[in-house]
Each structure stands twice: as C-alpha cells, then as structure tokens.
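Comments concern the structure below.
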Amino acid sequence: MTTNTTPDAATTVSGAGRIRPGGGTSVLLHQLTRSFGVTRALDGLSIEMAPGELVALLGPSGCGKTTALRIVAGFETADTGSVLIDGRDISSVPAARRDMGMVFQSYSLFPNMSALDNVAFGLRMRKIGTDERRKRAAGLLDMVGLAPQAAQYPHQLSGGQQQRVALARALAIQPRVLLLDEPLSALDAKVRLQLREQIRLLQQQLGTTTLFVTHDQEEALSMADRVGVMSQGRLEQIAAPDELYTNPATAFVAEFVGVMNRIPGELRGGGMVTALGRAVPVRGRAPDETAVDVLVRPEGLTMEITEHGNGIVTTRTFLGSVTRVGVQLDGDVAVQVDRPSAESAALAPGASVSVSLPAQPVLVAPRRTG
Amino acid sequence: MAAVVQEAPEAIAPPRRGPAAFRGGTVWRWAVLLVTAVYFLLPLWAALRFAGISAFGSVVGESGFSSSLGLSVRLAVITTVITIALMLPTAVYVHLRLPGLRRLLEGITILPIVIPPVVLIVGVLAIAPGFLKGTSWLLAMVYVILAMPFSYRAIDAGLRALDLKTIVEASSSLGAGWVSTLGRVILPNLRTALLSATVLSVAMVLGEYTMASLDLFQTFPVWIYVNSQTSGQVSVAASLLATWFFLMIITVLGTRQSRKTGGGEVTLFTVARTETRGDL
C-alpha cells in the first residue's frame with residue numbers, strides 16, 4: 001500500500017473508501033436538559049443541523065457543550081428532550097447502533113491494533129469480510145495521508161497522526177453523523193492548524209453532517225458553517241462565523257468571540273446611548289438601568305492624534321497588517337484600538353490621542369463594577 | 001517502545017550534566033545491580049551447594065513428588081481461572097461505572113494480607129458447606145481470596161494505564177457490543193496485567209504452606225517440608241527445580257508477549273533494554 005496507488009483523494013473516497021459523496025443526515029436536538037446533581041449541564045438546548053453541515057459548539061468549560069455531544073453519541077441520556085436523526089427519535093437506540101463516528105480529545109486508538117486494524121475495526125463489527133475491510137481501511141488511511149503508516153501501532157505514531165487515524169476510523173463506518181470532541185486540543189499549534197484544514201476538507205468532500213465541540217474560538221470560526229455559542233447549558237446564539245463576530249446577539253457572545261472593549265456609557269431615551277461624548281443608537285435589547293457599558297471591537301473605534309485628546313497611548317502591538325494600540329482613556333478606562341500598521345508609526349506610548357465611537361449602532365451590557 | 005528508547009538517553013544523561021557525573025551515575029547503577037543480584041542469588045547458590053548435583057537425579061523418583069506437584073499445579077490453574085474470572089469484570093466495572101468505589105475495593109482486597117492465614121482457614125472450615133469440605137476446590141477458593149490483593153492490583157494497574165473509558169466508548173461508537181469490546185479491545189490490552197496477575201497467583205499457590213497443611217492437603221510446599229525431615233537435600237533440589245522451571249515459563253511468556261505487541265508495552269524486559277541503550 002503506497003500513496004501513489006490512489007493519488008487523488010476524491011477517487012479514494014468513491015473507490016476504495018466507498019463513501020457516498022454528498023450524502024448527509026439532518027440532526028435535531030430538541031429541548032435537551034440534563035442535570036448532574038444540582039448542576040444543570042443542559043438547560044433546554046435546541047439545535048437544528050442541515051444535511052452536510054458542520055456546526056461547532058463553542059463555549060467555556062462547563063457550559064454543557066460536551067454533554068450535548070455525548071447525548072447525541074449515546075454515552076449520556078438526556079433528562080428530557082430528544083435527538084432526532086432524519087426525523088427519527090434515537091433516544092432509545094444504544095450508542096453501538098447509532099452509526100455515529102466519534103473522534104475524542106484523548107487519543108482513543110486501540111493500542112493493541114495497527115493503524116489499519118484500528119480503521120477496520122468498525123467494519124469488522126459490521127461483519128464485512130477481511131479483504132473488503134482491509135481494502136476500505138487502506139483507502140481511508142490513504143485519504144488522511146497515512147498509507148505508509150498502516151502497519152504501525154499507535155505508540156509509534158505522533159499525536160497528529162493518531163488523531164488522523166482516529167478520524168479515518170470514525171469515517172470508515174460511513175457515519176450518519178460525525179462527532180468531534182475537542183479533537184485538536186491535545187496537539188501542538190502547527191499540527192492543529194494542518195489537521196483543522198484536513199478535517200474541514202474531508203467533511204466537505206464527504207458531506208457528512210458534523211457536530212464539533214471546542215473551546216477554541218479560532219477553531220470554531222475557521223471550520224464551521226455555523227457556530228453555536230453556549231453558556232450555562234443554554235445556546236446564546238447560533239450563526240455563521242462572520243455574523244457571530246459582527247452581530248453578536250448578547251454581551252456574552254460579543255465578549256467570548258474576539259476581543260471586545262467595554263466603555264462606560266449612559267442610556268438615553270429613544271434607544272440612544274452616550275459614550276465618549278457621542279450619542280449612538282443601541283443595537284438589540286437594552287438593559288433596564290441607565291449606567292451601561294458600550295461594547296465595541298478594537299477595529300470599531302476611531303482614533304486620531306490630537307494635542308489634548310481623551311486618552312494616552314500605553315502599548316503598541318504589531319499584529320501584521322494591523323497594529324493593536326492600548327489606550328488609557330480619561331476615567332481610568334483601558335481600551336484597545338486597531339489601526340493599519342502603515343499608519344501607526346506616530347502612535348508611540350505616551351502619545352495623546354482622541355478616541356471616539358463610530359456612528360453605527362452598538363451593543364450595550366449592564367455596567368460591570370470592580 | 002520507540003518513544004521510550006528515544007527518551008531514555010535524555011532522561012538518564014541530561015545535556016547539562018558533565019561526563020564525570022554521567023560516569024559516576026553508571027558506576028552507581030552497576031553497584032546497586034550487583035548488590036541486589038548477590039542478595040537474591042546467594043541463597044539460591046547456597047541451596048544448590050547444599051543439595052549437591054546428585055540430589056537432582058533422585059527428585060522425580062521420590063515418593064509423593066509427582067502427586068504433590070500435580071495437586072499444586074491443579075490448584076494453581078483453578079485459582080488463576082477463578083481469580084481472573086472474578087477480578088477482571090469487577091475491576092472493569094468499578095473503573096467504568098463506580099470509580100468512587102475504587103478505594104473501597106482496594107481496601108477490601110488488602111484484607112487477606114491483614115488477616116492471619118490461620119484465622120482465615122479456621123473460619124472457612126467452620127462455615128464451608130459440607131460438599132466442599134475436604135475437596136481441593138475449597139482450598140482453591142481460599143487461594144482465590146489469598147491471591148486477591150496481588151491479582152486485583154495487577155489488573156487495576158493495567159486498567160489505569162489504559163484510559164479505559166475513552167477506549168470503551170470508542171469501541172462502542174464503532175458498533176461493538178460488550179462482548180466484542182471486552183474480547184477484542186480490553187483483554188488484549190490487559191495481557192501484561194493479566195500475565196502479572198497469573199504469575200502472582202501461581203507463585204502464591206506454589207508457595208503457600210499454612211492453609212494446605214491445616215486443611216490436610218499434601219501440596220508441593222507441604223511435601224517439601226514433610227520430605228525434608230527424611231531427605232533434606234532432595235527437598236531443596238526439588239524446590240530449586242520448581243523455582244527455575246517457573247522462572248523459565250515466566251520468561252518465555254514475557255518474551256512472546258512483547259514480540260506479539262510489537263514491543264509496545266513497557267514490560268520488565270523492555271525497561272531493561274532501554275536502560276542498556278541509555279548507557280551507549
């Protein structure tokens with residue numbers, strides 16, 4: 001088995017791999033709740049996934065995202081609510097008969113089996129003949145670029161290679177849904193980036209509906225068709241990555257995804273808020289109190305050098321095409337402002353600047369004290 | 001194995017240490033090895049000298065030798081089978097479903113060491129059902145209890161090294177039922193642990209004297225003791241033969257083991273090899 005026997009990944013998929021291209025399953029998580037003692041891990045979670053879609057569940061640890069995934073896999077049961085696959089409730093189907101391919105955070109390969117046997121395991125459980133399953137397993141290993149390592153045992157493979165074998169193993173059973181439980185968390189940055197692209201490419205080629213759990217926002221935003229941000233067992237918002245970044249529905253989403261400045265402001269009548277000496281419209285629901293924080297991203301603030309501005313530059317961080325400038329505003333408020341690097345030469349620490357809000361509607365949140 | 005070998009030289013000789021320190025470490029290691037070897041081999045050598053070569057020839061013909069050895073081997077087999085059949089599912093179940101009870105189980109399994117054998121056998125003989133009394137099955141069951149501290153710990157250590165939960169879940173998500181998961185995934189990965197449990201159980205049975213003699217069975221250790229009253233040299237020769245025979249079996253099993261798994265598991269032998277490479 002060498003890589004050049006099936007040079008084209010797509011050929012492998014339809015040939016030796018025999019995975020139906022473009023196939024996909026719809027998934028519906030309906031009003032799932034789950035408590036562990038007094039802790040409410042899931043609190044009425046509902047998500048609808050279209051066939052072939054990759055949805056990422058993003059949130060801090062303990063937000064319930066892994067519990068949701070494990071309920072879909074059949075390793076946990078929901079207290080109430082149901083999981084529907086292609087419209088059929090699978091709540092009573094045991095994990096072994098759900099046809100879900102799963103990749104775990106910790107390397108979950110069977111240490112006593114070679115890479116090839118690991119990939120072929122699910123096919124063996126489906127009583128597929130030796131020749132056929134070896135052929136298919138070899139095709140899948142080729143697809144993840146590990147054909148030369150087919151005979152090696154897990155302990156002879158690197159972390160990234162092990163996760164690729166785990167991915168091939170999960171795909172070998174032609175799963176109706178692919179479940180990824182923080183599959184990249186244990187890997188180093190470079191491998192993580194490569195594998196991220198590889199998973200996305202394969203998922204798109206095969207059209208497998210995929211639920212991906214992660215706490216890494218960059219991973220979620222770069223890979224998913226839609227990202228669901230979770231907090232305390234609830235879905236805060238589910239939207240396409242760009243929508244999530246530019247139009248966060250809640251203050252939690254706004255602050256969890258990307259960098260967000262909090263600037264003290266006062267709510268006025270007519271859906272307006274005043275901050276940094278300017279009145280701008282409020283986007284979304286405003287809190288009841290008048291003392292609020294205005295949420296603006298570093299690239300959303302405007303800044304110019306002036307003699308007696310409202311802030312002093314404290315730091316300057318070069319990030320490639322943009323430079324992130326730290327500014328201490330009057331009233332002991334620290335903000336970060338992004339500027340094109342080409343225009344940032346004069347923004348040295350100590351420079352006096354004037355920072356202001358743009359005229360667009362802004363998100364507001366109850367003022368954070370302390 | 002490969003990873004272990006690669007890491008070993010660094011672990012033994014970090015680059016910041018000078019060559020003198022490295023040499024000192026090597027000398028120290030060999031000294032410890034030598035002292036240990038003398039400590040263990042000296043009694044064997046003394047026994048060998050005491051018995052003399054001629055005693056080995058008459059061991060097999062000695063009356064009671066084969067019957068007592070046969071009984072001990074039979075007891076060893078029954079004990080091992082029952083021990084593993086009981087301990088493996090228990091340990092797996094506790095690891096997966098009741099991890100909170102692990103400490104309790106550990107405590108329970110240590111009881112046979114704490115309770116004196118005499119107390120144990122008197123209690124067992126008092127409450128054992130009639131049909132078991134006087135049979136080797138009863139003795140084997142008592143041995144199962146005696147072997148429990150060793151067998152449980154061996155299996156427990158194997159399970160701890162395995163990330164059992166993830167592996168069982170992976171297997172089940174791939175469509176394997178409980179029997180397949182146990183037979184194809186858990187058992188093969190516990191081979192070393194089960195081998196250790198077996199060796200410890202067998203060693204315990206072959207060396208146990210109190211229970212067998214109080215229950216009036218002439219097992220191999222009882223025979224060695226009884227026979228030593230009349231022909232001490234033959235008894236010593238017999239025990240030496242038995243020792244070397246079982247050591248050989250363990251070695252053969254251990255070697256086949258590491259070859260079968262591609263040397264993936266860290267056994268006594270792979271550790272020894274790693275250490276040697278570290279010297280080079």
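We name chains A, B, ... following the order of the structure tokens; residues begin at 1 in each chain, and ligands are numbered from 1 as shown.
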**Message:** Using only C-alpha atoms, which protein or nucleic acid residues come within 7 Å of segment 84-97 of chain A? Drop anything in the same chain fewer than 5 positions from it, and give the result as number ranges by chain.
**Reply:** A: 25-29, 73-75; B: 172-177
Selection to disk with N, CA and C atoms, as an mmCIF file, in the first residue's frame:
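Output file out_3.cif follows:
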data_model
loop_
_atom_site.group_PDB
_atom_site.id
_atom_site.type_symbol
_atom_site.label_atom_id
_atom_site.label_comp_id
_atom_site.auth_asym_id
_atom_site.auth_seq_id
_atom_site.Cartn_x
_atom_site.Cartn_y
_atom_site.Cartn_z
ATOM 1 N N THR A 25 -27.143 13.794 6.685
ATOM 2 C CA THR A 25 -28.253 13.465 7.556
ATOM 3 C C THR A 25 -28.647 14.727 8.292
ATOM 4 N N SER A 26 -29.946 14.924 8.478
ATOM 5 C CA SER A 26 -30.348 16.076 9.276
ATOM 6 C C SER A 26 -30.397 15.668 10.746
ATOM 7 N N VAL A 27 -30.001 16.596 11.606
ATOM 8 C CA VAL A 27 -29.950 16.315 13.041
ATOM 9 C C VAL A 27 -30.739 17.385 13.763
ATOM 10 N N LEU A 28 -31.548 16.931 14.714
ATOM 11 C CA LEU A 28 -32.290 17.906 15.524
ATOM 12 C C LEU A 28 -32.122 17.578 16.997
ATOM 13 N N LEU A 29 -31.556 18.528 17.716
ATOM 14 C CA LEU A 29 -31.505 18.400 19.168
ATOM 15 C C LEU A 29 -32.673 19.223 19.680
ATOM 16 N N ALA A 73 -24.158 11.116 20.901
ATOM 17 C CA ALA A 73 -23.404 9.877 20.682
ATOM 18 C C ALA A 73 -24.059 8.683 21.363
ATOM 19 N N GLY A 74 -24.850 8.966 22.405
ATOM 20 C CA GLY A 74 -25.486 7.869 23.137
ATOM 21 C C GLY A 74 -24.730 7.471 24.386
ATOM 22 N N PHE A 75 -23.729 8.265 24.792
ATOM 23 C CA PHE A 75 -22.974 7.951 26.005
ATOM 24 C C PHE A 75 -23.626 8.560 27.252
ATOM 25 N N SER B 172 -17.542 1.242 21.374
ATOM 26 C CA SER B 172 -18.990 1.162 21.274
ATOM 27 C C SER B 172 -19.521 2.067 20.162
ATOM 28 N N SER B 173 -18.900 3.233 19.958
ATOM 29 C CA SER B 173 -19.366 4.100 18.875
ATOM 30 C C SER B 173 -19.096 3.466 17.506
ATOM 31 N N LEU B 174 -18.147 2.521 17.459
ATOM 32 C CA LEU B 174 -17.854 1.849 16.195
ATOM 33 C C LEU B 174 -18.741 0.630 15.987
ATOM 34 N N GLY B 175 -19.640 0.406 16.928
ATOM 35 C CA GLY B 175 -20.623 -0.655 16.736
ATOM 36 C C GLY B 175 -20.367 -1.922 17.527
ATOM 37 N N ALA B 176 -19.368 -1.912 18.417
ATOM 38 C CA ALA B 176 -19.050 -3.122 19.167
ATOM 39 C C ALA B 176 -19.941 -3.240 20.402
ATOM 40 N N GLY B 177 -20.460 -4.432 20.639
ATOM 41 C CA GLY B 177 -21.220 -4.702 21.857
ATOM 42 C C GLY B 177 -20.254 -4.995 22.995
#
Could you make a table, as CSV, of the residues of chain A that have an atom within 8 Å of an atom of chain B, each with its nearest atom pair and distance in Å to one decimal, counting only C-alpha atoms, in chain and number order?
residue,atom,partner,partner_atom,distance
A:Ala73,CA,B:Ser173,CA,7.3
A:Phe75,CA,B:Glu169,CA,7.4
A:Ala95,CA,B:Ser173,CA,5.7
A:Ala96,CA,B:Gly175,CA,4.1
A:Arg97,CA,B:Gly175,CA,5.9
A:Arg98,CA,B:Ser173,CA,7.5
A:Asp99,CA,B:Ser173,CA,7.1
A:Met100,CA,B:Ser173,CA,6.2
A:Gly101,CA,B:Ser173,CA,6.5
A:Met102,CA,B:Ser173,CA,6.7
A:Val103,CA,B:Ala170,CA,7.9
A:Phe104,CA,B:Thr166,CA,7.5
A:Ser106,CA,B:Thr166,CA,7.6
A:Ser108,CA,B:Ile167,CA,5.5
A:Leu109,CA,B:Ile167,CA,7.1
A:Phe110,CA,B:Val185,CA,6.7
A:Pro111,CA,B:Asn189,CA,6.8
A:Asn112,CA,B:Asn189,CA,5.9
A:Phe121,CA,B:Leu174,CA,7.3
A:Gly122,CA,B:Leu174,CA,4.7
A:Met125,CA,B:Ala176,CA,5.8
A:Arg126,CA,B:Gly175,CA,7.3
A:Tyr153,CA,B:Gly264,CA,7.8
A:His155,CA,B:Gly264,CA,6.6
A:Gln156,CA,B:Ala2,CA,6.5
A:Ala170,CA,B:Leu174,CA,7.2
A:Ile173,CA,B:Leu174,CA,7.1
**Prompt:** Gly300 of chain A: which residues within 12 Å, counting only C-alpha atoms, same-chain residues fewer than 6 positions away excluded, as a PyMOL selection string?
**Reply:** chain A and resi 245-246+259-261+294+335-339+355-363
**Prompt:** What is the atom CA of Ile108 of chain B to atom CA of Ile82 of chain B distance in Å?
**Reply:**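 Separation between atom CA of Ile108 of chain B and atom CA of Ile82 of chain B: 17.7 Å.
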**Request:** Please return as a ChimeraX atom specification: the residues of segment 26-137 of chain B that backbone DSSP assigns to alpha helix (DSSP H).
**Result:** /B:26-51,53-59,65-97,102-114,117-127,136-137
**Request:** Apply DSSP to the structure's backbone, then extract all residues of segment 219-276 of chain A labelled strand (DSSP E) and return them as a PyMOL selection string.
**Result:** chain A and resi 226-231+234-239+261-268+272-275
